[in-house]
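Containing mmCIF, N, CA and C atoms: run.cif.
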data_start
#
loop_
_atom_site.label_atom_id
_atom_site.label_comp_id
_atom_site.auth_asym_id
_atom_site.auth_seq_id
_atom_site.Cartn_x
_atom_site.Cartn_y
_atom_site.Cartn_z
N MET A 5 -12.45 -22.63 -4.61
CA MET A 5 -11.10 -22.10 -4.36
C MET A 5 -11.03 -20.63 -4.75
N SER A 6 -11.56 -20.30 -5.90
CA SER A 6 -11.50 -18.92 -6.38
C SER A 6 -12.20 -17.97 -5.41
N ASP A 7 -13.37 -18.37 -4.91
CA ASP A 7 -14.08 -17.52 -3.96
C ASP A 7 -13.30 -17.35 -2.67
N GLN A 8 -12.59 -18.39 -2.25
CA GLN A 8 -11.76 -18.29 -1.04
C GLN A 8 -10.64 -17.27 -1.25
N ARG A 9 -10.02 -17.30 -2.42
CA ARG A 9 -8.95 -16.34 -2.71
C ARG A 9 -9.49 -14.92 -2.70
N HIS A 10 -10.67 -14.73 -3.28
CA HIS A 10 -11.26 -13.39 -3.30
C HIS A 10 -11.57 -12.92 -1.88
N GLU A 11 -12.16 -13.80 -1.09
CA GLU A 11 -12.49 -13.46 0.30
C GLU A 11 -11.22 -13.16 1.10
N GLN A 12 -10.19 -13.98 0.93
CA GLN A 12 -8.92 -13.77 1.63
C GLN A 12 -8.31 -12.43 1.21
N GLY A 13 -8.30 -12.16 -0.08
CA GLY A 13 -7.75 -10.90 -0.58
C GLY A 13 -8.52 -9.70 -0.06
N MET A 14 -9.85 -9.79 -0.02
CA MET A 14 -10.66 -8.68 0.49
C MET A 14 -10.44 -8.47 1.98
N ASP A 15 -10.25 -9.55 2.74
CA ASP A 15 -9.96 -9.40 4.16
C ASP A 15 -8.66 -8.63 4.38
N ILE A 16 -7.65 -8.95 3.60
CA ILE A 16 -6.36 -8.26 3.71
C ILE A 16 -6.51 -6.81 3.27
N LEU A 17 -7.18 -6.59 2.16
CA LEU A 17 -7.38 -5.23 1.66
C LEU A 17 -8.12 -4.38 2.68
N LYS A 18 -9.15 -4.92 3.30
CA LYS A 18 -9.90 -4.17 4.32
C LYS A 18 -9.02 -3.80 5.50
N LYS A 19 -8.12 -4.71 5.89
CA LYS A 19 -7.19 -4.41 6.98
C LYS A 19 -6.28 -3.24 6.58
N MET A 20 -5.86 -3.26 5.33
CA MET A 20 -4.93 -2.24 4.86
C MET A 20 -5.60 -0.87 4.73
N VAL A 21 -6.86 -0.84 4.32
CA VAL A 21 -7.54 0.44 4.14
C VAL A 21 -8.30 0.88 5.38
N GLY A 22 -8.26 0.07 6.41
CA GLY A 22 -8.94 0.43 7.65
C GLY A 22 -10.41 0.05 7.65
N GLY A 23 -10.76 -0.97 6.89
CA GLY A 23 -12.14 -1.46 6.84
C GLY A 23 -12.96 -0.75 5.78
N GLY A 24 -14.13 -1.26 5.56
CA GLY A 24 -15.06 -0.61 4.64
C GLY A 24 -14.73 -0.81 3.17
N VAL A 25 -15.34 0.03 2.37
CA VAL A 25 -15.22 -0.03 0.92
C VAL A 25 -14.00 0.76 0.48
N PHE A 26 -13.36 0.30 -0.58
CA PHE A 26 -12.20 0.99 -1.15
C PHE A 26 -12.62 1.57 -2.50
N PRO A 27 -12.98 2.87 -2.55
CA PRO A 27 -13.54 3.47 -3.77
C PRO A 27 -12.73 3.24 -5.06
N PRO A 28 -11.38 3.34 -5.04
CA PRO A 28 -10.67 3.09 -6.30
C PRO A 28 -10.90 1.68 -6.86
N LEU A 29 -10.95 0.69 -5.97
CA LEU A 29 -11.21 -0.67 -6.43
C LEU A 29 -12.64 -0.79 -6.96
N GLU A 30 -13.57 -0.14 -6.28
CA GLU A 30 -14.97 -0.20 -6.74
C GLU A 30 -15.13 0.50 -8.09
N ALA A 31 -14.37 1.56 -8.32
CA ALA A 31 -14.41 2.23 -9.62
C ALA A 31 -13.92 1.29 -10.72
N ILE A 32 -12.83 0.58 -10.44
CA ILE A 32 -12.32 -0.39 -11.41
C ILE A 32 -13.34 -1.51 -11.60
N ARG A 33 -13.93 -1.98 -10.50
CA ARG A 33 -14.92 -3.05 -10.58
C ARG A 33 -16.11 -2.64 -11.46
N SER A 34 -16.56 -1.41 -11.33
CA SER A 34 -17.71 -0.97 -12.13
C SER A 34 -17.34 -0.82 -13.61
N PHE A 35 -16.07 -0.54 -13.89
CA PHE A 35 -15.61 -0.38 -15.27
C PHE A 35 -15.29 -1.73 -15.90
N TYR A 36 -14.52 -2.57 -15.17
CA TYR A 36 -14.12 -3.88 -15.70
C TYR A 36 -13.89 -4.83 -14.53
N PRO A 37 -14.93 -5.55 -14.13
CA PRO A 37 -14.89 -6.39 -12.92
C PRO A 37 -13.75 -7.40 -12.89
N ASP A 38 -13.37 -7.94 -14.02
CA ASP A 38 -12.31 -8.95 -14.04
C ASP A 38 -10.98 -8.38 -13.53
N PHE A 39 -10.70 -7.12 -13.86
CA PHE A 39 -9.45 -6.52 -13.40
C PHE A 39 -9.48 -6.31 -11.89
N ALA A 40 -10.60 -5.86 -11.36
CA ALA A 40 -10.72 -5.70 -9.91
C ALA A 40 -10.54 -7.04 -9.21
N ASP A 41 -11.12 -8.08 -9.77
CA ASP A 41 -10.99 -9.42 -9.21
C ASP A 41 -9.52 -9.87 -9.23
N MET A 42 -8.82 -9.58 -10.31
CA MET A 42 -7.41 -9.95 -10.41
C MET A 42 -6.57 -9.21 -9.37
N ILE A 43 -6.86 -7.94 -9.16
CA ILE A 43 -6.14 -7.15 -8.16
C ILE A 43 -6.30 -7.78 -6.78
N VAL A 44 -7.53 -8.12 -6.44
CA VAL A 44 -7.82 -8.68 -5.11
C VAL A 44 -7.16 -10.05 -4.95
N LYS A 45 -7.34 -10.92 -5.93
CA LYS A 45 -6.83 -12.29 -5.82
C LYS A 45 -5.31 -12.35 -5.93
N ASN A 46 -4.77 -11.71 -6.96
CA ASN A 46 -3.32 -11.80 -7.16
C ASN A 46 -2.55 -10.91 -6.19
N GLY A 47 -2.96 -9.66 -6.12
CA GLY A 47 -2.21 -8.71 -5.31
C GLY A 47 -2.30 -8.96 -3.82
N PHE A 48 -3.48 -9.31 -3.37
CA PHE A 48 -3.66 -9.42 -1.93
C PHE A 48 -3.72 -10.86 -1.42
N ALA A 49 -4.49 -11.73 -2.07
CA ALA A 49 -4.56 -13.13 -1.61
C ALA A 49 -3.28 -13.88 -1.92
N ASP A 50 -2.73 -13.70 -3.12
CA ASP A 50 -1.54 -14.46 -3.51
C ASP A 50 -0.24 -13.88 -2.97
N VAL A 51 -0.15 -12.57 -2.87
CA VAL A 51 1.10 -11.95 -2.45
C VAL A 51 1.09 -11.59 -0.96
N TYR A 52 0.15 -10.77 -0.53
CA TYR A 52 0.14 -10.30 0.85
C TYR A 52 -0.19 -11.38 1.87
N ALA A 53 -0.81 -12.47 1.44
CA ALA A 53 -1.17 -13.53 2.38
C ALA A 53 -0.05 -14.54 2.62
N ARG A 54 1.02 -14.44 1.89
CA ARG A 54 2.12 -15.38 2.07
C ARG A 54 2.69 -15.23 3.49
N PRO A 55 3.09 -16.34 4.11
CA PRO A 55 3.42 -16.31 5.53
C PRO A 55 4.82 -15.81 5.92
N ALA A 56 5.77 -15.76 5.01
CA ALA A 56 7.16 -15.48 5.41
C ALA A 56 7.38 -14.04 5.88
N LEU A 57 6.59 -13.10 5.37
CA LEU A 57 6.71 -11.69 5.77
C LEU A 57 5.37 -11.23 6.31
N ASP A 58 5.41 -10.35 7.32
CA ASP A 58 4.15 -9.81 7.82
C ASP A 58 3.73 -8.60 6.98
N HIS A 59 2.55 -8.08 7.25
CA HIS A 59 2.04 -6.97 6.45
C HIS A 59 2.88 -5.70 6.61
N LYS A 60 3.44 -5.50 7.79
CA LYS A 60 4.30 -4.32 7.99
C LYS A 60 5.53 -4.42 7.09
N GLN A 61 6.17 -5.58 7.08
CA GLN A 61 7.35 -5.76 6.23
C GLN A 61 6.99 -5.59 4.76
N ARG A 62 5.87 -6.16 4.36
CA ARG A 62 5.45 -6.06 2.97
C ARG A 62 5.18 -4.61 2.56
N GLU A 63 4.58 -3.84 3.46
CA GLU A 63 4.32 -2.44 3.13
C GLU A 63 5.61 -1.62 3.03
N LEU A 64 6.58 -1.91 3.87
CA LEU A 64 7.87 -1.22 3.76
C LEU A 64 8.54 -1.55 2.43
N ILE A 65 8.48 -2.81 2.03
CA ILE A 65 9.04 -3.22 0.74
C ILE A 65 8.29 -2.53 -0.39
N THR A 66 6.97 -2.52 -0.30
CA THR A 66 6.15 -1.90 -1.35
C THR A 66 6.46 -0.41 -1.46
N LEU A 67 6.54 0.28 -0.34
CA LEU A 67 6.88 1.71 -0.39
C LEU A 67 8.24 1.93 -1.02
N SER A 68 9.21 1.12 -0.66
CA SER A 68 10.54 1.24 -1.26
C SER A 68 10.48 1.05 -2.77
N SER A 69 9.72 0.05 -3.19
CA SER A 69 9.59 -0.23 -4.62
C SER A 69 8.91 0.92 -5.35
N LEU A 70 7.86 1.46 -4.76
CA LEU A 70 7.15 2.57 -5.40
C LEU A 70 8.04 3.79 -5.52
N ILE A 71 8.79 4.09 -4.46
CA ILE A 71 9.70 5.23 -4.51
C ILE A 71 10.76 5.01 -5.59
N SER A 72 11.29 3.81 -5.65
CA SER A 72 12.32 3.49 -6.64
C SER A 72 11.82 3.66 -8.07
N GLN A 73 10.57 3.30 -8.29
CA GLN A 73 9.98 3.42 -9.62
C GLN A 73 9.51 4.83 -9.94
N GLY A 74 9.41 5.65 -8.90
CA GLY A 74 8.81 6.96 -9.08
C GLY A 74 7.31 6.87 -9.23
N ALA A 75 6.71 5.79 -8.72
CA ALA A 75 5.27 5.55 -8.83
C ALA A 75 4.54 6.25 -7.68
N ILE A 76 4.69 7.55 -7.63
CA ILE A 76 4.17 8.35 -6.53
C ILE A 76 2.65 8.30 -6.46
N ASP A 77 1.99 8.08 -7.59
CA ASP A 77 0.53 8.02 -7.60
C ASP A 77 -0.02 6.86 -6.77
N GLN A 78 0.78 5.84 -6.52
CA GLN A 78 0.36 4.71 -5.69
C GLN A 78 0.78 4.86 -4.23
N MET A 79 1.57 5.86 -3.94
CA MET A 79 2.08 6.06 -2.57
C MET A 79 0.97 6.36 -1.57
N ASN A 80 -0.03 7.12 -1.98
CA ASN A 80 -1.10 7.50 -1.07
C ASN A 80 -1.72 6.26 -0.42
N PHE A 81 -2.14 5.32 -1.24
CA PHE A 81 -2.75 4.10 -0.71
C PHE A 81 -1.80 3.38 0.23
N HIS A 82 -0.54 3.23 -0.18
CA HIS A 82 0.37 2.40 0.59
C HIS A 82 0.92 3.08 1.84
N VAL A 83 0.98 4.40 1.89
CA VAL A 83 1.34 5.07 3.14
C VAL A 83 0.21 4.86 4.16
N HIS A 84 -1.02 5.05 3.72
CA HIS A 84 -2.16 4.79 4.61
C HIS A 84 -2.16 3.32 5.05
N ALA A 85 -1.95 2.42 4.10
CA ALA A 85 -1.95 0.98 4.42
C ALA A 85 -0.85 0.66 5.43
N ALA A 86 0.33 1.22 5.23
CA ALA A 86 1.44 0.97 6.15
C ALA A 86 1.07 1.41 7.57
N LEU A 87 0.50 2.59 7.69
CA LEU A 87 0.08 3.07 9.01
C LEU A 87 -1.01 2.17 9.59
N ASN A 88 -1.93 1.73 8.74
CA ASN A 88 -3.04 0.89 9.21
C ASN A 88 -2.60 -0.49 9.67
N VAL A 89 -1.47 -0.99 9.15
CA VAL A 89 -1.01 -2.32 9.58
C VAL A 89 0.07 -2.22 10.65
N GLY A 90 0.35 -1.01 11.13
CA GLY A 90 1.24 -0.86 12.28
C GLY A 90 2.64 -0.34 12.03
N VAL A 91 2.94 0.09 10.82
CA VAL A 91 4.24 0.70 10.58
C VAL A 91 4.24 2.06 11.29
N LYS A 92 5.29 2.34 12.02
CA LYS A 92 5.39 3.59 12.77
C LYS A 92 5.68 4.74 11.80
N PRO A 93 5.11 5.90 12.06
CA PRO A 93 5.36 7.06 11.20
C PRO A 93 6.86 7.33 10.98
N VAL A 94 7.65 7.25 12.03
CA VAL A 94 9.08 7.52 11.88
C VAL A 94 9.75 6.48 10.96
N GLU A 95 9.23 5.26 10.95
CA GLU A 95 9.78 4.24 10.05
C GLU A 95 9.52 4.61 8.59
N ILE A 96 8.37 5.18 8.32
CA ILE A 96 8.06 5.60 6.95
C ILE A 96 8.97 6.74 6.52
N VAL A 97 9.16 7.71 7.40
CA VAL A 97 10.03 8.85 7.09
C VAL A 97 11.47 8.37 6.88
N GLU A 98 11.95 7.50 7.73
CA GLU A 98 13.31 6.98 7.59
C GLU A 98 13.46 6.15 6.32
N LEU A 99 12.42 5.43 5.94
CA LEU A 99 12.46 4.66 4.69
C LEU A 99 12.64 5.61 3.51
N VAL A 100 11.89 6.71 3.48
CA VAL A 100 12.02 7.67 2.39
C VAL A 100 13.43 8.26 2.38
N MET A 101 13.94 8.62 3.54
CA MET A 101 15.30 9.17 3.61
C MET A 101 16.32 8.15 3.12
N HIS A 102 16.16 6.90 3.52
CA HIS A 102 17.08 5.85 3.11
C HIS A 102 17.04 5.67 1.58
N CYS A 103 15.85 5.71 1.02
CA CYS A 103 15.72 5.55 -0.44
C CYS A 103 16.43 6.67 -1.20
N SER A 104 16.52 7.86 -0.60
CA SER A 104 17.15 8.98 -1.31
C SER A 104 18.58 8.65 -1.73
N ALA A 105 19.27 7.85 -0.93
CA ALA A 105 20.66 7.50 -1.25
C ALA A 105 20.75 6.55 -2.45
N TYR A 106 19.69 5.83 -2.73
CA TYR A 106 19.72 4.81 -3.78
C TYR A 106 18.95 5.19 -5.02
N VAL A 107 17.91 6.00 -4.89
CA VAL A 107 17.09 6.32 -6.05
C VAL A 107 17.15 7.80 -6.42
N GLY A 108 17.76 8.61 -5.57
CA GLY A 108 17.91 10.03 -5.85
C GLY A 108 16.94 10.88 -5.06
N PHE A 109 17.35 12.13 -4.88
CA PHE A 109 16.54 13.06 -4.11
C PHE A 109 15.22 13.43 -4.78
N PRO A 110 15.16 13.60 -6.11
CA PRO A 110 13.85 13.97 -6.69
C PRO A 110 12.74 12.95 -6.36
N LYS A 111 13.02 11.67 -6.49
CA LYS A 111 12.01 10.66 -6.17
C LYS A 111 11.70 10.65 -4.67
N ALA A 112 12.72 10.79 -3.85
CA ALA A 112 12.51 10.78 -2.41
C ALA A 112 11.73 12.02 -1.96
N ILE A 113 12.01 13.16 -2.54
CA ILE A 113 11.29 14.39 -2.18
C ILE A 113 9.83 14.28 -2.60
N SER A 114 9.57 13.73 -3.77
CA SER A 114 8.18 13.53 -4.20
C SER A 114 7.45 12.59 -3.25
N ALA A 115 8.14 11.54 -2.82
CA ALA A 115 7.54 10.61 -1.86
C ALA A 115 7.30 11.29 -0.52
N MET A 116 8.26 12.10 -0.07
CA MET A 116 8.10 12.78 1.21
C MET A 116 6.94 13.76 1.17
N ASP A 117 6.69 14.38 0.01
CA ASP A 117 5.53 15.26 -0.12
C ASP A 117 4.24 14.50 0.18
N VAL A 118 4.13 13.28 -0.33
CA VAL A 118 2.94 12.46 -0.07
C VAL A 118 2.86 12.13 1.42
N VAL A 119 3.98 11.71 1.99
CA VAL A 119 4.01 11.35 3.41
C VAL A 119 3.60 12.55 4.27
N MET A 120 4.16 13.71 3.99
CA MET A 120 3.83 14.90 4.79
C MET A 120 2.35 15.25 4.69
N ARG A 121 1.77 15.15 3.50
CA ARG A 121 0.34 15.45 3.32
C ARG A 121 -0.51 14.47 4.12
N ILE A 122 -0.18 13.19 4.03
CA ILE A 122 -0.97 12.19 4.75
C ILE A 122 -0.82 12.36 6.26
N PHE A 123 0.38 12.61 6.72
CA PHE A 123 0.58 12.81 8.16
C PHE A 123 -0.21 14.03 8.63
N LYS A 124 -0.23 15.08 7.84
CA LYS A 124 -1.00 16.28 8.21
C LYS A 124 -2.49 15.92 8.27
N ASP A 125 -2.99 15.22 7.25
CA ASP A 125 -4.40 14.84 7.22
C ASP A 125 -4.79 13.94 8.40
N ARG A 126 -3.87 13.09 8.80
CA ARG A 126 -4.15 12.14 9.89
C ARG A 126 -3.71 12.69 11.24
N GLU A 127 -3.22 13.93 11.24
CA GLU A 127 -2.76 14.60 12.45
C GLU A 127 -1.68 13.81 13.17
N ILE A 128 -0.69 13.35 12.36
CA ILE A 128 0.44 12.61 12.89
C ILE A 128 1.63 13.55 12.94
N SER A 129 2.28 13.59 14.11
CA SER A 129 3.51 14.36 14.22
C SER A 129 4.62 13.40 14.66
N LEU A 130 5.80 13.78 14.33
CA LEU A 130 6.96 12.90 14.66
C LEU A 130 7.56 13.30 15.99
#
Can you present the structure in this file as structure tokens?
Amino acid sequence: MSDQRHEQGMDILKKMVGGGVFPPLEAIRSFYPDFADMIVKNGFADVYARPALDHKQRELITLSSLISQGAIDQMNFHVHAALNVGVKPVEIVELVMHCSAYVGFPKAISAMDVVMRIFKDREISL
């Protein structure tokens, strides 16, 4: 069962990162493998694999939560993941704008900085 959860979590993670190896997870794995395993099993197999919401919905929720917390350091991964699972660029921008009304402009502006950088790197225009 445990190996199935790890495999399921890795399949979801690969979809979110666009396939291949995810260096931040591998860095954690090389430092403390149990934590990397927990991230994969709990975060991706147990949460993202649940059937009631699709990956696009989950990424929009995750981005909203990160903006609300001011956890901008995690935004990079999740903006890329959102795009990789089919969230439209304009939906991400509108989500950030919507959050500004509830969490304040400083958090929303910090989030938009991440979005703008990623869109520039990926050559995405609105």
All residues 12 Å or closer to Ala105 of chain A, only C-alpha atoms, same chain fewer than 6 positions away omitted, as JSON, numbers by chain: {"A": [68, 71, 72, 98, 99, 111, 112, 113]}
Atomic separation - atom CA of Leu70 of chain A relative to atom CA of Met116 of chain A, Å: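 Straight-line distance from atom CA of Met116 of chain A to atom CA of Leu70 of chain A works out to 12.2 Å.
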Helix (DSSP H, G or I) call set, DSSP backbone run, chain A, as a PyMOL selection string: chain A and resi 6-21+27-35+37-52+59-73+76-88+93-107+109-125
Atom pair atom CA of Lys124 of chain A / atom CA of Gly90 of chain A: separation (Å): 17.8 Å
Distance of atom N of Ile76 of chain A from atom CA of Val118 of chain A, expressed in Å to one decimal place: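 So the answer is 9.2 Å.
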Target residues per the PyMOL selection byres (((chain A and resi 6-16 and name CA) around 7) and name CA), formatted as JSON, numbers by chain: {"A": [5, 17, 18, 19, 20, 44, 45, 48, 49]}
Explicit residue set for the PyMOL selection byres (((chain A and resi 82-86 and name CA) around 7) and name CA), as a VMD selection string: chain A and resid 20 to 21 60 63 67 78 to 81 87 to 91 119
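Compared by their closest atoms to Val94 of chain A, and using only N, CA and C atoms, the residues A:Ala56, A:Ala40, A:Leu130, A:Ala31 rank with A:Leu130 nearest.
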Residue nearest Ala75 of chain A - candidates A:Ile32, A:Cys103, A:Ala115, A:Met120, atoms counted: only N, CA and C atoms: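 Closest to Ala75 of chain A of all the choices is A:Ala115.
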Using the block above, I'd like segment 16-94 of chain A written out, keeping C-alpha atoms and formatting it as a PDB file, in the first residue's frame.
ATOM      1  CA  ILE A  16       0.644  13.529  -9.787  1.00  0.00           C
ATOM      2  CA  LEU A  17       3.792  15.492  -8.964  1.00  0.00           C
ATOM      3  CA  LYS A  18       5.267  14.725 -12.391  1.00  0.00           C
ATOM      4  CA  LYS A  19       2.081  15.976 -14.047  1.00  0.00           C
ATOM      5  CA  MET A  20       2.296  19.174 -12.035  1.00  0.00           C
ATOM      6  CA  VAL A  21       5.973  19.847 -12.786  1.00  0.00           C
ATOM      7  CA  GLY A  22       5.708  18.825 -16.413  1.00  0.00           C
ATOM      8  CA  GLY A  23       7.455  15.468 -16.052  1.00  0.00           C
ATOM      9  CA  GLY A  24      10.955  14.556 -15.047  1.00  0.00           C
ATOM     10  CA  VAL A  25      12.786  15.134 -11.802  1.00  0.00           C
ATOM     11  CA  PHE A  26      11.799  17.849  -9.330  1.00  0.00           C
ATOM     12  CA  PRO A  27      15.111  19.207  -7.916  1.00  0.00           C
ATOM     13  CA  PRO A  28      13.682  20.722  -4.687  1.00  0.00           C
ATOM     14  CA  LEU A  29      12.161  17.372  -3.732  1.00  0.00           C
ATOM     15  CA  GLU A  30      15.388  15.571  -4.604  1.00  0.00           C
ATOM     16  CA  ALA A  31      17.332  18.014  -2.423  1.00  0.00           C
ATOM     17  CA  ILE A  32      15.028  17.213   0.489  1.00  0.00           C
ATOM     18  CA  ARG A  33      15.296  13.497  -0.294  1.00  0.00           C
ATOM     19  CA  SER A  34      19.095  13.628  -0.171  1.00  0.00           C
ATOM     20  CA  PHE A  35      18.990  15.506   3.150  1.00  0.00           C
ATOM     21  CA  TYR A  36      16.177  13.578   4.875  1.00  0.00           C
ATOM     22  CA  PRO A  37      14.392  10.950   2.755  1.00  0.00           C
ATOM     23  CA  ASP A  38      11.497  10.450   5.170  1.00  0.00           C
ATOM     24  CA  PHE A  39      10.360  14.057   4.731  1.00  0.00           C
ATOM     25  CA  ALA A  40      10.447  13.781   0.935  1.00  0.00           C
ATOM     26  CA  ASP A  41       8.422  10.582   1.190  1.00  0.00           C
ATOM     27  CA  MET A  42       5.874  12.321   3.432  1.00  0.00           C
ATOM     28  CA  ILE A  43       5.528  15.199   0.961  1.00  0.00           C
ATOM     29  CA  VAL A  44       4.857  12.811  -1.918  1.00  0.00           C
ATOM     30  CA  LYS A  45       2.467  10.517  -0.043  1.00  0.00           C
ATOM     31  CA  ASN A  46       0.556  13.040   2.036  1.00  0.00           C
ATOM     32  CA  GLY A  47       0.645  16.089  -0.175  1.00  0.00           C
ATOM     33  CA  PHE A  48       0.095  14.480  -3.520  1.00  0.00           C
ATOM     34  CA  ALA A  49      -1.289  10.941  -3.090  1.00  0.00           C
ATOM     35  CA  ASP A  50      -3.577  11.730  -0.154  1.00  0.00           C
ATOM     36  CA  VAL A  51      -4.665  15.261  -1.065  1.00  0.00           C
ATOM     37  CA  TYR A  52      -4.305  15.846  -4.810  1.00  0.00           C
ATOM     38  CA  ALA A  53      -5.585  12.378  -5.739  1.00  0.00           C
ATOM     39  CA  ARG A  54      -8.955  12.836  -4.064  1.00  0.00           C
ATOM     40  CA  PRO A  55     -11.734  12.658  -6.663  1.00  0.00           C
ATOM     41  CA  ALA A  56     -14.095  15.527  -5.735  1.00  0.00           C
ATOM     42  CA  LEU A  57     -11.898  18.307  -7.180  1.00  0.00           C
ATOM     43  CA  ASP A  58      -9.731  18.212 -10.279  1.00  0.00           C
ATOM     44  CA  HIS A  59      -6.103  19.351 -10.335  1.00  0.00           C
ATOM     45  CA  LYS A  60      -7.011  22.726 -11.832  1.00  0.00           C
ATOM     46  CA  GLN A  61      -9.429  23.445  -8.993  1.00  0.00           C
ATOM     47  CA  ARG A  62      -6.915  22.274  -6.414  1.00  0.00           C
ATOM     48  CA  GLU A  63      -4.201  24.529  -7.825  1.00  0.00           C
ATOM     49  CA  LEU A  64      -6.500  27.560  -7.750  1.00  0.00           C
ATOM     50  CA  ILE A  65      -7.308  26.789  -4.112  1.00  0.00           C
ATOM     51  CA  THR A  66      -3.631  26.280  -3.325  1.00  0.00           C
ATOM     52  CA  LEU A  67      -2.641  29.567  -4.955  1.00  0.00           C
ATOM     53  CA  SER A  68      -5.349  31.388  -3.017  1.00  0.00           C
ATOM     54  CA  SER A  69      -4.133  29.827   0.217  1.00  0.00           C
ATOM     55  CA  LEU A  70      -0.510  30.699  -0.472  1.00  0.00           C
ATOM     56  CA  ILE A  71      -1.383  34.301  -1.289  1.00  0.00           C
ATOM     57  CA  SER A  72      -3.498  34.542   1.858  1.00  0.00           C
ATOM     58  CA  GLN A  73      -0.623  33.271   3.989  1.00  0.00           C
ATOM     59  CA  GLY A  74       1.927  35.427   2.237  1.00  0.00           C
ATOM     60  CA  ALA A  75       3.789  32.195   1.394  1.00  0.00           C
ATOM     61  CA  ILE A  76       5.230  33.686  -1.766  1.00  0.00           C
ATOM     62  CA  ASP A  77       8.240  31.343  -1.699  1.00  0.00           C
ATOM     63  CA  GLN A  78       5.906  28.459  -2.634  1.00  0.00           C
ATOM     64  CA  MET A  79       4.126  30.393  -5.401  1.00  0.00           C
ATOM     65  CA  ASN A  80       6.747  29.610  -8.042  1.00  0.00           C
ATOM     66  CA  PHE A  81       6.074  25.872  -7.945  1.00  0.00           C
ATOM     67  CA  HIS A  82       2.310  26.259  -7.835  1.00  0.00           C
ATOM     68  CA  VAL A  83       2.019  28.848 -10.629  1.00  0.00           C
ATOM     69  CA  HIS A  84       3.983  26.489 -12.880  1.00  0.00           C
ATOM     70  CA  ALA A  85       1.891  23.547 -11.651  1.00  0.00           C
ATOM     71  CA  ALA A  86      -1.351  25.428 -12.307  1.00  0.00           C
ATOM     72  CA  LEU A  87      -0.285  26.171 -15.878  1.00  0.00           C
ATOM     73  CA  ASN A  88       0.870  22.574 -16.350  1.00  0.00           C
ATOM     74  CA  VAL A  89      -2.514  21.149 -15.297  1.00  0.00           C
ATOM     75  CA  GLY A  90      -4.471  23.495 -17.553  1.00  0.00           C
ATOM     76  CA  VAL A  91      -5.291  26.614 -15.561  1.00  0.00           C
ATOM     77  CA  LYS A  92      -5.468  29.501 -18.026  1.00  0.00           C
ATOM     78  CA  PRO A  93      -3.031  32.377 -17.490  1.00  0.00           C
ATOM     79  CA  VAL A  94      -5.880  34.889 -17.217  1.00  0.00           C
TER      80      VAL A  94
END
